[in-house]
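Next comes input29.cif, a file with mmCIF, C-alpha atoms.
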```cif
data_start
loop_
_atom_site.label_atom_id
_atom_site.label_comp_id
_atom_site.auth_asym_id
_atom_site.auth_seq_id
_atom_site.Cartn_x
_atom_site.Cartn_y
_atom_site.Cartn_z
CA MET D 1 -58.66 57.90 59.65
CA LEU D 2 -55.40 59.67 58.73
CA ALA D 3 -55.37 61.81 55.63
CA LYS D 4 -52.85 60.68 53.08
CA ASN D 5 -49.82 62.86 52.55
CA ILE D 6 -48.69 62.99 48.93
CA TYR D 7 -45.46 64.79 49.83
CA VAL D 8 -42.57 62.45 50.56
CA PRO D 9 -38.99 63.81 50.76
CA ARG D 10 -36.62 62.48 48.12
CA VAL D 11 -34.21 61.16 50.74
CA ASN D 12 -37.01 59.09 52.33
CA GLN D 13 -37.86 57.53 48.98
CA ILE D 14 -34.21 56.65 48.28
CA ASP D 15 -33.81 55.28 51.82
CA ALA D 16 -36.86 53.08 51.29
CA ILE D 17 -35.39 51.64 48.07
CA TYR D 18 -32.05 50.78 49.68
CA LEU D 19 -33.70 49.36 52.79
CA ASN D 20 -35.89 47.14 50.65
CA LYS D 21 -32.88 45.87 48.67
CA ASP D 22 -30.97 45.08 51.87
CA ILE D 23 -33.92 43.31 53.53
CA THR D 24 -34.67 41.29 50.40
CA ARG D 25 -31.01 40.29 50.04
CA LEU D 26 -30.81 39.20 53.69
CA ILE D 27 -33.95 37.06 53.47
CA ARG D 28 -33.00 35.56 50.11
CA ASP D 29 -29.37 34.78 51.00
CA ASN D 30 -30.35 33.28 54.34
CA LEU D 31 -32.90 30.94 52.85
CA LEU D 32 -30.75 29.94 49.89
CA GLU D 33 -27.74 29.17 52.11
CA ASN D 34 -29.87 26.94 54.33
CA LEU D 35 -31.40 25.14 51.37
CA GLN D 36 -27.96 24.64 49.81
CA ALA D 37 -26.69 23.10 53.04
CA ILE D 38 -29.55 20.56 53.05
CA SER D 39 -28.91 19.21 49.54
CA PRO D 40 -26.20 20.86 47.43
CA VAL D 41 -26.86 18.72 44.35
CA LEU D 42 -30.60 19.37 44.35
CA PHE D 43 -29.98 23.06 45.08
CA ILE D 44 -27.89 23.47 41.94
CA LYS D 45 -30.61 21.85 39.82
CA ILE D 46 -33.52 23.94 41.06
CA GLN D 47 -31.80 27.18 42.14
CA PRO D 48 -33.62 29.43 39.61
CA GLU D 49 -37.01 28.09 40.73
CA LEU D 50 -36.09 28.43 44.42
CA ASP D 51 -34.98 32.00 43.83
CA LEU D 52 -38.21 32.75 41.99
CA LEU D 53 -40.25 31.21 44.83
CA ILE D 54 -38.47 33.27 47.49
CA GLN D 55 -38.70 36.51 45.52
CA SER D 56 -42.39 35.86 44.88
CA ALA D 57 -43.05 35.18 48.58
CA ILE D 58 -41.31 38.43 49.51
CA TRP D 59 -43.30 40.36 46.92
CA PHE D 60 -46.68 38.89 47.97
CA GLY D 61 -45.86 39.42 51.66
CA SER D 62 -45.07 43.08 51.12
CA ILE D 63 -46.55 44.80 48.07
CA GLY D 64 -49.20 42.20 47.33
CA LYS D 65 -50.50 42.26 50.91
CA ARG D 66 -49.87 45.79 52.19
CA CYS D 67 -49.24 47.87 49.04
CA SER D 68 -45.73 48.71 50.29
CA THR D 69 -42.29 47.15 50.30
CA PHE D 70 -40.56 46.23 53.54
CA GLY D 71 -38.33 49.28 53.18
CA GLN D 72 -41.35 51.54 52.78
CA GLN D 73 -42.99 50.00 55.84
CA LEU D 74 -39.97 50.81 57.99
CA LEU D 75 -40.23 54.47 56.98
CA VAL D 76 -44.06 54.55 57.28
CA LEU D 77 -44.49 54.92 53.52
CA ALA D 78 -46.62 53.09 50.97
CA TYR D 79 -47.75 53.16 47.36
CA ASP D 80 -50.91 55.08 46.67
CA ALA D 81 -53.49 52.28 46.98
CA GLU D 82 -55.92 54.07 44.66
CA ARG D 83 -53.45 53.71 41.78
CA LEU D 84 -52.32 50.19 42.66
CA THR D 85 -54.96 48.30 40.67
CA ILE D 86 -54.86 44.56 39.99
CA SER D 87 -53.42 45.09 36.51
CA ARG D 88 -50.69 47.36 37.88
CA LEU D 89 -49.92 44.82 40.60
CA ALA D 90 -49.52 42.10 37.99
CA LEU D 91 -47.25 44.31 35.89
CA HIS D 92 -45.23 45.29 38.96
CA PHE D 93 -44.65 41.61 39.74
CA ALA D 94 -43.71 40.87 36.15
CA LEU D 95 -41.25 43.77 35.94
CA THR D 96 -39.56 43.29 39.33
CA VAL D 97 -39.51 39.52 39.95
CA LEU D 98 -39.64 37.73 36.60
CA PRO D 99 -36.62 39.35 34.82
CA GLY D 100 -34.22 37.86 37.35
CA TYR D 101 -35.70 34.39 36.82
CA VAL D 102 -35.51 34.70 33.01
CA LYS D 103 -31.83 35.66 33.16
CA SER D 104 -31.03 32.85 35.61
CA TRP D 105 -33.00 30.35 33.51
CA GLU D 106 -31.14 31.40 30.36
CA GLU D 107 -27.77 30.95 32.10
CA ARG D 108 -28.50 27.62 33.82
CA ARG D 109 -31.23 25.83 31.92
CA LEU D 110 -30.29 26.11 28.26
CA THR D 111 -27.94 23.32 27.29
CA TYR D 112 -26.66 25.44 24.41
CA ARG D 113 -26.81 29.17 24.10
CA VAL D 114 -29.38 30.66 21.73
CA GLU D 115 -27.48 33.61 20.36
CA TRP D 116 -30.45 35.85 19.64
CA PHE D 117 -31.95 35.18 23.07
CA SER D 118 -28.71 36.04 24.84
CA HIS D 119 -28.38 39.22 22.79
CA ALA D 120 -31.98 40.15 23.59
CA ILE D 121 -31.35 39.78 27.35
CA THR D 122 -28.14 41.82 27.14
CA TRP D 123 -29.88 44.53 25.11
CA ALA D 124 -32.77 44.63 27.61
CA GLU D 125 -30.37 44.95 30.56
CA ASN D 126 -28.42 47.78 28.92
CA SER D 127 -31.60 49.59 27.92
CA ALA D 128 -33.00 49.29 31.45
CA LEU D 129 -29.74 50.66 32.86
CA VAL D 130 -29.83 53.73 30.61
CA LEU D 131 -33.51 54.36 31.31
CA ASN D 132 -32.93 53.99 35.06
CA ILE D 133 -30.23 56.66 34.91
CA LEU D 134 -32.47 59.02 32.98
CA ASN D 135 -35.36 58.36 35.35
CA TYR D 136 -33.12 59.08 38.34
CA PHE D 137 -32.33 62.57 37.02
CA ARG D 138 -36.04 63.12 36.40
CA PHE D 139 -36.75 62.00 39.97
CA LEU D 140 -34.19 64.44 41.38
CA LYS D 141 -36.02 67.25 39.60
CA THR D 142 -39.63 66.26 40.34
CA GLY D 143 -39.29 64.25 43.57
CA ARG D 144 -41.76 61.59 42.38
CA LYS D 145 -41.50 58.00 41.08
CA PRO D 146 -37.88 57.15 42.01
CA THR D 147 -37.60 53.88 40.06
CA LEU D 148 -38.23 53.12 36.42
CA VAL D 149 -40.95 50.59 37.31
CA ASP D 150 -42.75 53.22 39.42
CA TYR D 151 -42.58 55.65 36.50
CA LEU D 152 -43.86 53.15 33.92
CA LEU D 153 -46.77 52.15 36.16
CA GLY D 154 -47.50 55.67 37.40
CA LEU D 155 -47.04 54.75 41.09
CA ASP D 156 -46.38 57.44 43.70
CA TYR D 157 -45.16 57.13 47.27
CA ILE D 158 -47.35 58.49 50.04
CA SER D 159 -46.53 59.10 53.69
CA LEU D 160 -48.74 57.60 56.41
CA ARG D 161 -47.54 60.07 59.04
CA ASN D 162 -50.21 62.68 58.35
CA ASN D 163 -47.93 65.45 57.01
CA GLN D 164 -45.09 64.80 59.43
CA ARG D 165 -41.68 65.51 57.99
CA ARG D 166 -38.54 63.39 58.29
CA ASP D 167 -37.36 63.08 61.88
CA ILE D 168 -33.87 64.39 62.55
CA GLY D 169 -31.82 62.93 65.39
CA TYR D 170 -29.09 65.19 66.71
CA LYS D 171 -27.61 62.50 68.97
CA TYR D 172 -25.85 61.02 65.96
CA LEU D 173 -24.45 64.41 64.92
CA THR D 174 -23.23 65.12 68.45
CA ARG D 175 -21.56 61.73 68.65
CA GLU D 176 -19.84 62.27 65.32
CA LEU D 177 -18.58 65.71 66.37
CA LEU D 178 -17.17 64.34 69.62
CA TRP D 179 -15.54 61.43 67.84
CA GLY D 180 -14.11 63.75 65.16
CA GLY D 181 -12.63 66.02 67.84
CA PHE D 182 -11.15 63.05 69.67
CA MET D 183 -9.52 61.79 66.45
CA GLU D 184 -8.01 65.23 65.81
CA ILE D 185 -6.53 65.26 69.32
CA LEU D 186 -5.09 61.79 68.76
CA GLY D 187 -3.64 62.93 65.45
CA LEU D 188 -1.84 65.79 67.20
CA VAL D 189 -0.71 63.92 70.32
CA LEU D 190 0.36 60.50 69.02
CA PRO D 191 3.23 61.73 66.77
CA ILE D 192 4.94 63.52 69.68
CA ILE D 193 4.83 60.53 72.07
CA ASN D 194 8.10 58.58 72.15
CA PHE D 195 6.75 55.06 72.55
CA ARG D 196 10.24 53.55 72.26
CA LYS D 197 11.41 55.54 75.26
CA ILE D 198 8.33 54.54 77.23
CA GLN D 199 8.96 50.90 76.28
CA ARG D 200 12.62 51.20 77.37
CA LEU D 201 11.68 52.74 80.73
CA PHE D 202 9.04 50.07 81.30
CA LYS D 203 11.48 47.25 80.50
CA SER D 204 14.09 48.89 82.71
CA TRP D 205 11.64 49.05 85.58
CA LEU D 206 10.38 45.51 85.04
CA PHE D 207 13.64 43.75 84.13
CA GLY D 208 16.16 46.18 85.58
CA GLN D 209 18.78 43.70 86.82
CA GLN D 210 18.72 41.59 83.67
CA LEU D 211 19.07 44.63 81.39
CA ASN D 212 21.92 46.08 83.44
CA GLY D 213 23.76 42.75 83.24
CA ARG D 214 23.31 42.58 79.48
CA ARG D 215 24.52 46.16 79.10
CA ARG D 216 27.68 45.47 81.13
CA GLU D 217 28.38 42.46 78.97
CA SER D 218 27.97 44.50 75.80
CA LEU D 219 30.28 47.23 77.14
CA ASN D 220 32.99 44.64 77.91
CA GLN D 221 32.74 43.20 74.42
CA LYS D 222 34.84 44.51 71.57
CA LEU D 223 33.33 46.69 68.90
CA VAL D 224 31.39 44.56 66.43
CA VAL D 225 31.29 45.85 62.85
CA PRO D 226 28.36 44.34 60.93
CA LYS D 227 28.58 43.44 57.27
CA MET D 228 25.99 44.41 54.70
CA THR D 229 24.47 41.65 52.60
CA THR D 230 21.65 41.50 50.07
CA LEU D 231 19.33 40.34 52.88
CA SER D 232 20.29 43.00 55.43
CA THR D 233 17.43 45.05 56.86
CA CYS D 234 17.16 47.87 59.37
CA ILE D 235 16.52 46.52 62.88
CA PHE D 236 14.17 49.43 63.59
CA CYS D 237 12.00 49.79 60.46
CA GLY D 238 12.56 46.38 58.85
CA GLU D 239 13.29 47.89 55.42
CA ARG D 240 16.44 47.91 53.29
CA PRO D 241 18.84 50.23 55.22
CA THR D 242 19.18 53.78 53.93
CA LEU D 243 22.72 55.02 54.71
CA PRO D 244 23.38 51.99 56.95
CA HIS D 245 24.90 52.76 60.35
CA HIS D 246 25.49 50.88 63.58
CA MET D 247 26.32 51.73 67.19
CA GLY D 248 28.84 49.02 67.95
CA CYS D 249 26.58 46.09 68.77
CA GLY D 250 26.61 44.44 65.35
CA HIS D 251 23.07 45.42 64.27
CA ILE D 252 22.41 47.62 61.27
CA TYR D 253 20.09 50.65 61.26
CA CYS D 254 19.10 53.28 58.77
CA TYR D 255 20.99 56.46 59.59
CA TYR D 256 17.76 58.40 60.04
CA CYS D 257 16.16 55.70 62.23
CA LEU D 258 19.19 55.57 64.51
CA ARG D 259 19.87 59.32 64.65
CA ALA D 260 16.20 60.18 65.31
CA ASN D 261 16.02 57.72 68.21
CA LEU D 262 19.24 59.01 69.76
CA LEU D 263 18.08 62.62 69.46
CA THR D 264 14.75 61.92 71.15
CA ASP D 265 16.20 59.53 73.76
CA SER D 266 19.82 59.98 74.83
CA SER D 267 19.71 56.57 76.58
CA PHE D 268 18.45 54.74 73.51
CA ILE D 269 19.41 51.06 73.43
CA CYS D 270 19.42 48.57 70.58
CA THR D 271 15.95 47.21 70.05
CA LYS D 272 17.42 43.79 69.29
CA CYS D 273 20.04 43.21 71.97
CA ASP D 274 19.45 46.10 74.43
CA ALA D 275 23.05 47.31 73.98
CA PRO D 276 23.67 51.06 74.57
CA CYS D 277 25.33 53.28 72.01
CA ASP D 278 29.13 53.11 71.94
CA GLU D 279 31.02 56.03 73.47
CA ASP D 280 32.39 57.00 70.07
CA GLY D 281 28.88 57.37 68.69
CA ILE D 282 27.33 55.82 65.60
CA ARG D 283 29.38 54.60 62.66
CA SER D 284 28.65 53.88 59.04
CA VAL D 285 28.74 50.31 57.81
#
```
I need this file expressed as structure tokens, please.
Amino acid sequence: MLAKNIYVPRVNQIDAIYLNKDITRLIRDNLLENLQAISPVLFIKIQPELDLLIQSAIWFGSIGKRCSTFGQQLLVLAYDAERLTISRLALHFALTVLPGYVKSWEERRLTYRVEWFSHAITWAENSALVLNILNYFRFLKTGRKPTLVDYLLGLDYISLRNNQRRDIGYKYLTRELLWGGFMEILGLVLPIINFRKIQRLFKSWLFGQQLNGRRRESLNQKLVVPKMTTLSTCIFCGERPTLPHHMGCGHIYCYYCLRANLLTDSSFICTKCDAPCDEDGIRSV
């Protein structure tokens, strides 16, 4: 028989709490959604009782049966069975399962609100929140009894691994380092790639004859001077043009959008009509 290990790292205890919350939420939400789909009207009437039944089943299937929550079982932890007496089990059930039912019952069952009862529930919730915060700081110092219920009932976590410490997997760290390095490379390389030029070269290669025909037509046409309106936007960035300019094809650009594209690609063409820049250069609108 394995000797019990009373030392459990703080991070393991916190992990167990969050795992248990996630597992409980998944089971509860799954069952409640299925029950609601069967009979929505009946579900609304008996939802508090259904919730209480599910929470009770989860509690009896974990702590009541094996002296450990589902989260603790995944991390090979458990409550100290010597301390988990019948009276403590009953109190644990009352403090973890019943408060949720009382609050739900008060919200859904009472036809009219009893002011003192509502105030009592609110006061109890606020008090529990403050005490939980204080208990958390105590837990960080002592490393024992991470929840307020555990502290009130004097319940400690034990490890069933016979003094084995938390396993550390370096595969995850290696993967994160590689991914971080890859993202840094992308951050350096992507800004210096002229995707518009690549797109133009690809279109020229794929639709060469059509583009050349459209360019000849645009060269034969007279200079088109666009007019600014309240709805005018830059063809390149789609925003209200800043220092609006054009290159003779009738489409408006921001000065910086147009100048930057011409500087990085001397053969830049209009992204709307594929017309090249006029021989006289860009003009203000």
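Each of D:Ala120, D:Ile46, D:Ile192, D:Leu148 was checked against Thr264 (chain D) using all atoms listed in the file; the smallest atom-to-atom distance is that of D:Ile192.
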(request) Let me know the residues the PyMOL selection byres ((chain D and resi 26-31) around 12) catches in the file above, as a ChimeraX atom specification. (result) /D:19-25,32-38,43,47,50-59,70
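The gap separating CA of Leu74 (chain D) from CA of Thr96 (chain D) is 20.1 Å, in Å to one decimal.
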With the PyMOL selection byres ((chain D and resi 143) around 12) as the selection, what would be picked from this file? Answer as an mmCIF file with C-alpha atoms, in the coordinates of the input, please.
```
data_model
loop_
_atom_site.group_PDB
_atom_site.id
_atom_site.type_symbol
_atom_site.label_atom_id
_atom_site.label_comp_id
_atom_site.auth_asym_id
_atom_site.auth_seq_id
_atom_site.Cartn_x
_atom_site.Cartn_y
_atom_site.Cartn_z
ATOM 1 C CA ILE D 6 -48.690 62.990 48.930
ATOM 2 C CA TYR D 7 -45.460 64.790 49.830
ATOM 3 C CA VAL D 8 -42.570 62.450 50.560
ATOM 4 C CA PRO D 9 -38.990 63.810 50.760
ATOM 5 C CA ARG D 10 -36.620 62.480 48.120
ATOM 6 C CA VAL D 11 -34.210 61.160 50.740
ATOM 7 C CA ASN D 12 -37.010 59.090 52.330
ATOM 8 C CA GLN D 13 -37.860 57.530 48.980
ATOM 9 C CA ILE D 14 -34.210 56.650 48.280
ATOM 10 C CA ASN D 135 -35.360 58.360 35.350
ATOM 11 C CA TYR D 136 -33.120 59.080 38.340
ATOM 12 C CA PHE D 137 -32.330 62.570 37.020
ATOM 13 C CA ARG D 138 -36.040 63.120 36.400
ATOM 14 C CA PHE D 139 -36.750 62.000 39.970
ATOM 15 C CA LEU D 140 -34.190 64.440 41.380
ATOM 16 C CA LYS D 141 -36.020 67.250 39.600
ATOM 17 C CA THR D 142 -39.630 66.260 40.340
ATOM 18 C CA ARG D 144 -41.760 61.590 42.380
ATOM 19 C CA LYS D 145 -41.500 58.000 41.080
ATOM 20 C CA PRO D 146 -37.880 57.150 42.010
ATOM 21 C CA THR D 147 -37.600 53.880 40.060
ATOM 22 C CA TYR D 151 -42.580 55.650 36.500
ATOM 23 C CA ASP D 156 -46.380 57.440 43.700
ATOM 24 C CA TYR D 157 -45.160 57.130 47.270
ATOM 25 C CA ILE D 158 -47.350 58.490 50.040
#
```
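CA of Leu152 (chain D) sits 9.8 Å away from CA of Arg88 (chain D).
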(request) Give me the result of the PyMOL selection byres ((chain D and resi 251) around 10) on this file, residue by residue, as a VMD selection string. (result) chain D and resid 224 to 227 232 to 236 244 to 250 252 to 253 270 to 273 275 285
(message) Would you pick out the contacts of Pro48 (chain D) at 7 Å or less, using all atoms listed in the file, so that residues sharing its chain but fewer than 6 positions from it are not included, and give the list as a PyMOL selection string?
(response) chain D and resi 101+104-105
